[in-house]
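One structure below.
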Amino acid sequence: MTADNAAAAAGPAPVAGAGVIHDLGYRHYDGPRLGRPGIIRALYWHSLRSAFGIGRGAKAKIVPVLMFALICLPAIVNAIARAQHPGQSPIVNYDTYTYPLRSLVMLIFVAAQAPELVSRDLRSHVLPLYMSRPLRRLDYPLAKLAAFTAACLLMLEIPLIILYVGNILSAGGGSAVWAQTRALIPGMGVAALWAVLLAAIGLVLASLTGRRAYATGMIAIYLFLTFTLSTILVNVAQQGPGGPKGGPFGPNAVEPLGARLGGLISPFSVLDGVRQWLGGTNTSPIPPPGSVGFLYGIMFLLLLAASLAGLAARYRKVGAA
Amino acid sequence: MTAPPQLRAGPGPGDAGTAAAVIQTEALTKRYTSEVTALDGLTVAFAPGITGLVGANGAGKSTLIKILLGLLPPTSGRAVVLGHDAAASGERIRTLTGYMPEHDCLPPDVTGTEFVTHLGRMSGLPATAAKERAADSLRHVGLYEERYRQVGTYSTGMKQRVKLAQALVGDPRLLLLDEPTIGLDPAGRRAMLDLISRIGAEFGISIVVSSHLLGEIEQICDQLVVIDGGKLLRSDTMTSFTQVSQVLLIEVDEGIAGLVADLAARGLAPRRSGRRGLLVRIDGEQTYDTVRDAVADLGLPLNRLEQQRRRVEELFRDNGDDEEEER
């Protein structure tokens, strides 16, 4: 590819460099052309950059940069604390990674940046121009989804890597490093689940409107409302008649069914429910789902499938218009 | 405008397809619902050069363009663009074709250069080539320093130029321009038409330019395709359009009513043109003789006798009924 680029650049360059005749007339292009996969890749990179405001003005970078700094903060604090007190156990876990902060940061990031990827194009009616390119109808949402998932992955995984580096720098001996590595891997897996689901939900909601503010509001309200509702449900159920046996945070605590089901409403608690169902043992504000854990797995797949189907349906329609 | 035909037929992009029709449709039909028929058995060929696609709003122009780009499957019939079947090889066609939509399609918060470069990438150009061709395309459409400004600050004319530049950036063999003069003032229209004419003549790119204003695009076209209600009204070269559109203007100071009656009796179909003028269709040398005899017999003071080339638009307006009969 780079050789092709070089060849393409080398072609007309000498003529332009001559600098004598300025109006060269029309020149046909006979250099290499990227096929459909190459175009999708170009759109992917373009979209990934715009998810962080790269290639945009300074204003577009404020939210993503701020959110990135915020989500890295626990890992950095952990690294400093560990450096000063090497004996201390890690204060941040790989798999939960300060669940409330992570939820809040990702809520803002998705609500602010998903519209950047899709709503702008809808607003300015630029889609017919993409459709007039050698792309198929679903290539555009595919590239956008891949790019935004990657953007969310960067937001979620880079803090984990900082956390990991901070931990192994202060870890004594190979076995400690191995233990950290073994803890990191499921943490990365959980972060990947977050990225896949949140990116899909964010994009499908953002693709419904060309108005950025509406799209941001819609995503934020959906994520925040379900989060709040689920928290309330869990709290109410915990205080209800079938209350906790052995205390809500006891090692063998079994939460009442209502509290264990309450998390199914919100994507964030669904993600944490899936983590616990898959064997995550670190505690979080989401009660361990126990025997209904599989429901969290099903809910995750349902939310993801609905978002992807919605996105496909949306762009089948927009593409035809 | 009569550009020498050899310019248009000049060294094209070198494909066997250019010798034949650039676009060919056979009984092309598109029905959206059982009531809404956008195209109705359209069979027509577009030769290389500049072709005007003319029809009223809703005549099926935009539907035809979408089918040609392979974006819309026809209900029946087929379309072949640059030798490729539109329904089967849409991607290939879109590699070779530039499309300028009718409506606004520009994001306001990027510069002209960024926008056209990105769409160059979307046309399959590698990064460096996309940058170079974006600069070239913007220069060809007449945007220089402005190209570093945000599109939102552009005038309507400049926006139309950017739309044209993004269609041009992928070095297409064929350009489909949907109402390129829409929203422009007369000077802007003139400039846009000149630009299209130049691209067709000098760049060796075949162009289909759609418009609901026949009079506007007839000056730059080699060929006209007129559709109405999804059906072909007429398709012909400009030369044959203008041949049949030769008319004779007769201007007399008085007695015009008598002259109308007399000419009608002699088998001509005169139409009033202004207060003292008459128009008759020229059907060869004898038309002049007939008019001369009529004026002489009535003893009218003849002011002016002038052969005119009517604009094609008038031809359609005047002979709408005739066209129906011819079909």
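Here's how to read the names in the structure tokens: chain A, B, ... by the order shown, residue numbers from 1 in each chain, ligand numbers from 1 in the order shown.
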What are the closest atom pairs, with distances in Å to one decimal, for each residue of chain A lying within 7 Å of chain B, using only C-alpha atoms, rows by chain and rising residue number, as JSON lines?
{"residue": "A:Asn5", "atom": "CA", "partner": "B:Pro126", "partner_atom": "CA", "distance": 6.0}
{"residue": "A:Ala8", "atom": "CA", "partner": "B:Ala129", "partner_atom": "CA", "distance": 6.0}
{"residue": "A:Ala9", "atom": "CA", "partner": "B:Thr128", "partner_atom": "CA", "distance": 6.0}
{"residue": "A:Tyr26", "atom": "CA", "partner": "B:Phe203", "partner_atom": "CA", "distance": 5.7}
{"residue": "A:His28", "atom": "CA", "partner": "B:Asp171", "partner_atom": "CA", "distance": 6.1}
{"residue": "A:Tyr29", "atom": "CA", "partner": "B:Asp171", "partner_atom": "CA", "distance": 6.0}
{"residue": "A:Arg33", "atom": "CA", "partner": "B:Gly124", "partner_atom": "CA", "distance": 5.0}
{"residue": "A:Leu34", "atom": "CA", "partner": "B:Gly124", "partner_atom": "CA", "distance": 4.5}
{"residue": "A:Gly35", "atom": "CA", "partner": "B:Gly124", "partner_atom": "CA", "distance": 6.2}
{"residue": "A:Ile39", "atom": "CA", "partner": "B:Met122", "partner_atom": "CA", "distance": 5.5}
{"residue": "A:Ala42", "atom": "CA", "partner": "B:Arg121", "partner_atom": "CA", "distance": 6.8}
{"residue": "A:Ser124", "atom": "CA", "partner": "B:Pro107", "partner_atom": "CA", "distance": 4.9}
{"residue": "A:His125", "atom": "CA", "partner": "B:Cys105", "partner_atom": "CA", "distance": 4.7}
{"residue": "A:Val126", "atom": "CA", "partner": "B:Cys105", "partner_atom": "CA", "distance": 4.6}
{"residue": "A:Ser132", "atom": "CA", "partner": "B:Arg94", "partner_atom": "CA", "distance": 5.9}
{"residue": "A:Arg133", "atom": "CA", "partner": "B:Arg94", "partner_atom": "CA", "distance": 5.4}
{"residue": "A:Pro134", "atom": "CA", "partner": "B:Glu91", "partner_atom": "CA", "distance": 4.4}
{"residue": "A:Leu135", "atom": "CA", "partner": "B:Glu91", "partner_atom": "CA", "distance": 6.5}
The selected residues should be written to file as a short mmCIF file (atom, residue, chain, number, x, y, z; two decimals), in the first residue's frame (atoms: all heavy atoms).
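Result file follows (selection-v8.cif):
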data_model
loop_
_atom_site.label_atom_id
_atom_site.label_comp_id
_atom_site.auth_asym_id
_atom_site.auth_seq_id
_atom_site.Cartn_x
_atom_site.Cartn_y
_atom_site.Cartn_z
N ASN A 5 1.22 4.19 -2.71
CA ASN A 5 1.09 5.60 -2.40
C ASN A 5 2.27 6.38 -2.95
O ASN A 5 2.13 7.44 -3.53
CB ASN A 5 1.04 5.81 -0.88
CG ASN A 5 -0.32 5.43 -0.32
OD1 ASN A 5 -1.23 5.14 -1.10
ND2 ASN A 5 -0.43 5.41 0.98
N ALA A 8 2.02 6.71 -6.60
CA ALA A 8 1.00 7.69 -6.97
C ALA A 8 1.53 9.11 -6.76
O ALA A 8 1.27 10.01 -7.55
CB ALA A 8 -0.26 7.48 -6.13
N ALA A 9 2.28 9.27 -5.67
CA ALA A 9 2.80 10.59 -5.37
C ALA A 9 3.90 10.98 -6.35
O ALA A 9 4.02 12.13 -6.75
CB ALA A 9 3.34 10.62 -3.95
N TYR A 26 -6.41 19.52 -17.44
CA TYR A 26 -6.92 18.38 -16.70
C TYR A 26 -5.99 17.20 -16.84
O TYR A 26 -5.54 16.87 -17.93
CB TYR A 26 -8.31 18.01 -17.19
CG TYR A 26 -8.97 16.97 -16.33
CD1 TYR A 26 -9.53 17.32 -15.12
CD2 TYR A 26 -9.00 15.64 -16.72
CE1 TYR A 26 -10.11 16.37 -14.31
CE2 TYR A 26 -9.59 14.69 -15.93
CZ TYR A 26 -10.14 15.05 -14.72
OH TYR A 26 -10.72 14.11 -13.92
N HIS A 28 -5.66 13.13 -16.05
CA HIS A 28 -6.37 11.92 -15.62
C HIS A 28 -5.54 11.20 -14.58
O HIS A 28 -4.32 11.33 -14.52
CB HIS A 28 -6.65 11.02 -16.81
CG HIS A 28 -7.77 11.52 -17.66
ND1 HIS A 28 -9.08 11.45 -17.27
CD2 HIS A 28 -7.76 12.15 -18.86
CE1 HIS A 28 -9.84 11.99 -18.20
NE2 HIS A 28 -9.07 12.43 -19.17
N TYR A 29 -6.21 10.44 -13.75
CA TYR A 29 -5.53 9.69 -12.71
C TYR A 29 -5.41 8.24 -13.14
O TYR A 29 -6.41 7.57 -13.40
CB TYR A 29 -6.34 9.77 -11.41
CG TYR A 29 -5.76 8.93 -10.29
CD1 TYR A 29 -4.62 9.36 -9.61
CD2 TYR A 29 -6.33 7.71 -9.94
CE1 TYR A 29 -4.08 8.59 -8.60
CE2 TYR A 29 -5.79 6.94 -8.92
CZ TYR A 29 -4.67 7.39 -8.25
OH TYR A 29 -4.14 6.63 -7.25
N ARG A 33 -5.99 2.33 -7.36
CA ARG A 33 -7.24 2.63 -6.66
C ARG A 33 -7.48 1.55 -5.62
O ARG A 33 -7.31 0.37 -5.88
CB ARG A 33 -8.42 2.64 -7.64
CG ARG A 33 -8.54 3.93 -8.41
CD ARG A 33 -9.71 3.82 -9.38
NE ARG A 33 -9.65 4.89 -10.37
CZ ARG A 33 -10.26 6.05 -10.22
NH1 ARG A 33 -10.97 6.31 -9.14
NH2 ARG A 33 -10.18 6.96 -11.16
N LEU A 34 -7.86 1.98 -4.44
CA LEU A 34 -8.20 1.03 -3.39
C LEU A 34 -9.56 0.47 -3.72
O LEU A 34 -10.44 1.18 -4.16
CB LEU A 34 -8.26 1.73 -2.03
CG LEU A 34 -7.12 2.67 -1.70
CD1 LEU A 34 -7.43 3.47 -0.46
CD2 LEU A 34 -5.83 1.90 -1.51
N GLY A 35 -9.72 -0.81 -3.49
CA GLY A 35 -11.04 -1.40 -3.71
C GLY A 35 -11.95 -1.05 -2.54
O GLY A 35 -11.63 -0.22 -1.71
N ILE A 39 -11.49 1.34 0.89
CA ILE A 39 -12.33 2.53 1.15
C ILE A 39 -12.96 2.42 2.53
O ILE A 39 -13.00 3.39 3.29
CB ILE A 39 -13.40 2.67 0.06
CG1 ILE A 39 -12.74 2.84 -1.30
CG2 ILE A 39 -14.31 3.84 0.36
CD1 ILE A 39 -13.72 2.84 -2.46
N ALA A 42 -10.40 3.31 5.00
CA ALA A 42 -10.17 4.76 5.05
C ALA A 42 -11.27 5.46 5.85
O ALA A 42 -11.01 6.37 6.64
CB ALA A 42 -10.11 5.32 3.62
N SER A 124 -25.97 17.07 7.40
CA SER A 124 -25.53 17.78 6.19
C SER A 124 -25.87 17.00 4.92
O SER A 124 -25.46 17.37 3.84
CB SER A 124 -24.04 18.07 6.27
OG SER A 124 -23.34 16.93 6.67
N HIS A 125 -26.65 15.92 5.04
CA HIS A 125 -27.12 15.14 3.89
C HIS A 125 -25.98 14.67 3.02
O HIS A 125 -26.07 14.67 1.78
CB HIS A 125 -28.10 15.94 3.05
CG HIS A 125 -29.25 16.48 3.82
ND1 HIS A 125 -30.25 15.68 4.32
CD2 HIS A 125 -29.55 17.73 4.24
CE1 HIS A 125 -31.11 16.41 4.99
NE2 HIS A 125 -30.71 17.66 4.96
N VAL A 126 -24.88 14.28 3.65
CA VAL A 126 -23.71 13.91 2.88
C VAL A 126 -23.78 12.43 2.48
O VAL A 126 -23.01 11.96 1.64
CB VAL A 126 -22.42 14.25 3.67
CG1 VAL A 126 -22.22 13.31 4.82
CG2 VAL A 126 -21.21 14.30 2.78
N SER A 132 -22.76 7.22 -3.57
CA SER A 132 -22.36 7.29 -4.97
C SER A 132 -20.93 6.80 -5.15
O SER A 132 -20.40 6.86 -6.24
CB SER A 132 -22.51 8.71 -5.49
OG SER A 132 -21.51 9.56 -4.95
N ARG A 133 -20.30 6.37 -4.06
CA ARG A 133 -18.96 5.79 -4.13
C ARG A 133 -19.06 4.27 -4.25
O ARG A 133 -20.12 3.70 -3.99
CB ARG A 133 -18.19 6.16 -2.85
CG ARG A 133 -17.26 7.34 -2.98
CD ARG A 133 -17.96 8.61 -3.31
NE ARG A 133 -17.05 9.64 -3.80
CZ ARG A 133 -17.42 10.85 -4.16
NH1 ARG A 133 -18.68 11.20 -4.10
NH2 ARG A 133 -16.54 11.71 -4.61
N PRO A 134 -17.96 3.62 -4.62
CA PRO A 134 -18.03 2.15 -4.75
C PRO A 134 -18.15 1.45 -3.39
O PRO A 134 -17.30 0.68 -3.00
CB PRO A 134 -16.72 1.78 -5.46
CG PRO A 134 -15.92 3.00 -5.57
CD PRO A 134 -16.67 4.15 -5.07
N LEU A 135 -19.19 1.77 -2.67
CA LEU A 135 -19.47 1.14 -1.38
C LEU A 135 -20.83 0.48 -1.45
O LEU A 135 -21.67 0.89 -2.24
CB LEU A 135 -19.49 2.20 -0.27
CG LEU A 135 -18.18 2.84 0.15
CD1 LEU A 135 -18.43 4.03 1.05
CD2 LEU A 135 -17.29 1.83 0.84
#
Fill in: alpha helix (DSSP H) per DSSP on the backbone: members of segment 19-239 of chain B, as a ChimeraX atom specification
/B:19,61-68,90-96,112-122,127-140,156-168,186-202,214-217,238-239
Practice prompt. Excluding segment 278-281 of chain B and any residue of its chain fewer than 5 positions from it, enumerate the residues within 10 Å of it, using only C-alpha atoms, and give them as a ChimeraX atom specification.
Written response: /B:244-252,256,259-260,263-264,268-273,287-288,291,305-308,310
Discussion item. So that I can see what lies close to Arg56 of chain A, please list as a ChimeraX atom specification the residues with an atom at most 12 Å from it, counting only C-alpha atoms and leaving out residues fewer than 2 positions away in the same chain.
Written reply: /A:46-47,49-54,58-62,116 /B:109-111,114-115,150
Discussion item. Please return, as number ranges by chain, all residues of segment 152-306 of chain B that DSSP assigns to strand (DSSP E) on the basis of the backbone.
Written reply: B: 174-178, 206-211, 223-228, 231-237, 246-252, 271-273, 277-281, 302-306
Worksheet entry | For segment 75-84 of chain A: contacts at 10 Å, only C-alpha atoms, fewer than 4 positions along chain excluded, given as a PyMOL selection string | chain A and resi 69-71+88-94+97-98+158-171
Fill in: Atom pair atom CA of Phe300 of chain A / atom CA of Cys72 of chain A: separation (Å)
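Interatomic distance here is 25.7 Å.
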Worksheet entry | Within 12 Å of Val196 of chain A using only C-alpha atoms, minus same-chain residues under 4 positions, as a list in words | Val110, Leu145, Ala146, Ala147, Phe148, Thr149, Ala150, Ala151, Cys152, Leu153, Leu154, Leu156, Gly189, Val190, Ala191, Ala192, Ala200, Ile201, Gly202, Leu203, Pro267, Leu271, Phe300, Leu301, Leu303, Leu304, Ala305, Ser307 and Leu308 of chain A
Fill in: All residues 10 Å or closer to segment 224-237 of chain B, only C-alpha atoms, same chain fewer than 2 positions away omitted, as number ranges by chain
B: 27-31, 37-47, 50-61, 63-64, 208-212, 214, 217-218, 221-222, 239-242, 312, 316, 320, 323-324, 326-327
Discussion item. Taking only C-alpha atoms into account, name the residue in A:Ala259, A:Thr216, A:Lys144, A:Gly273 that is nearest to Arg41 of chain A.
Written reply: A:Lys144
Worksheet item: Taking into account only C-alpha atoms, which residue in the set A:Met218, A:Val65, A:Ile108, A:Met131 is nearest to Arg316 of chain A?
Response: A:Met131
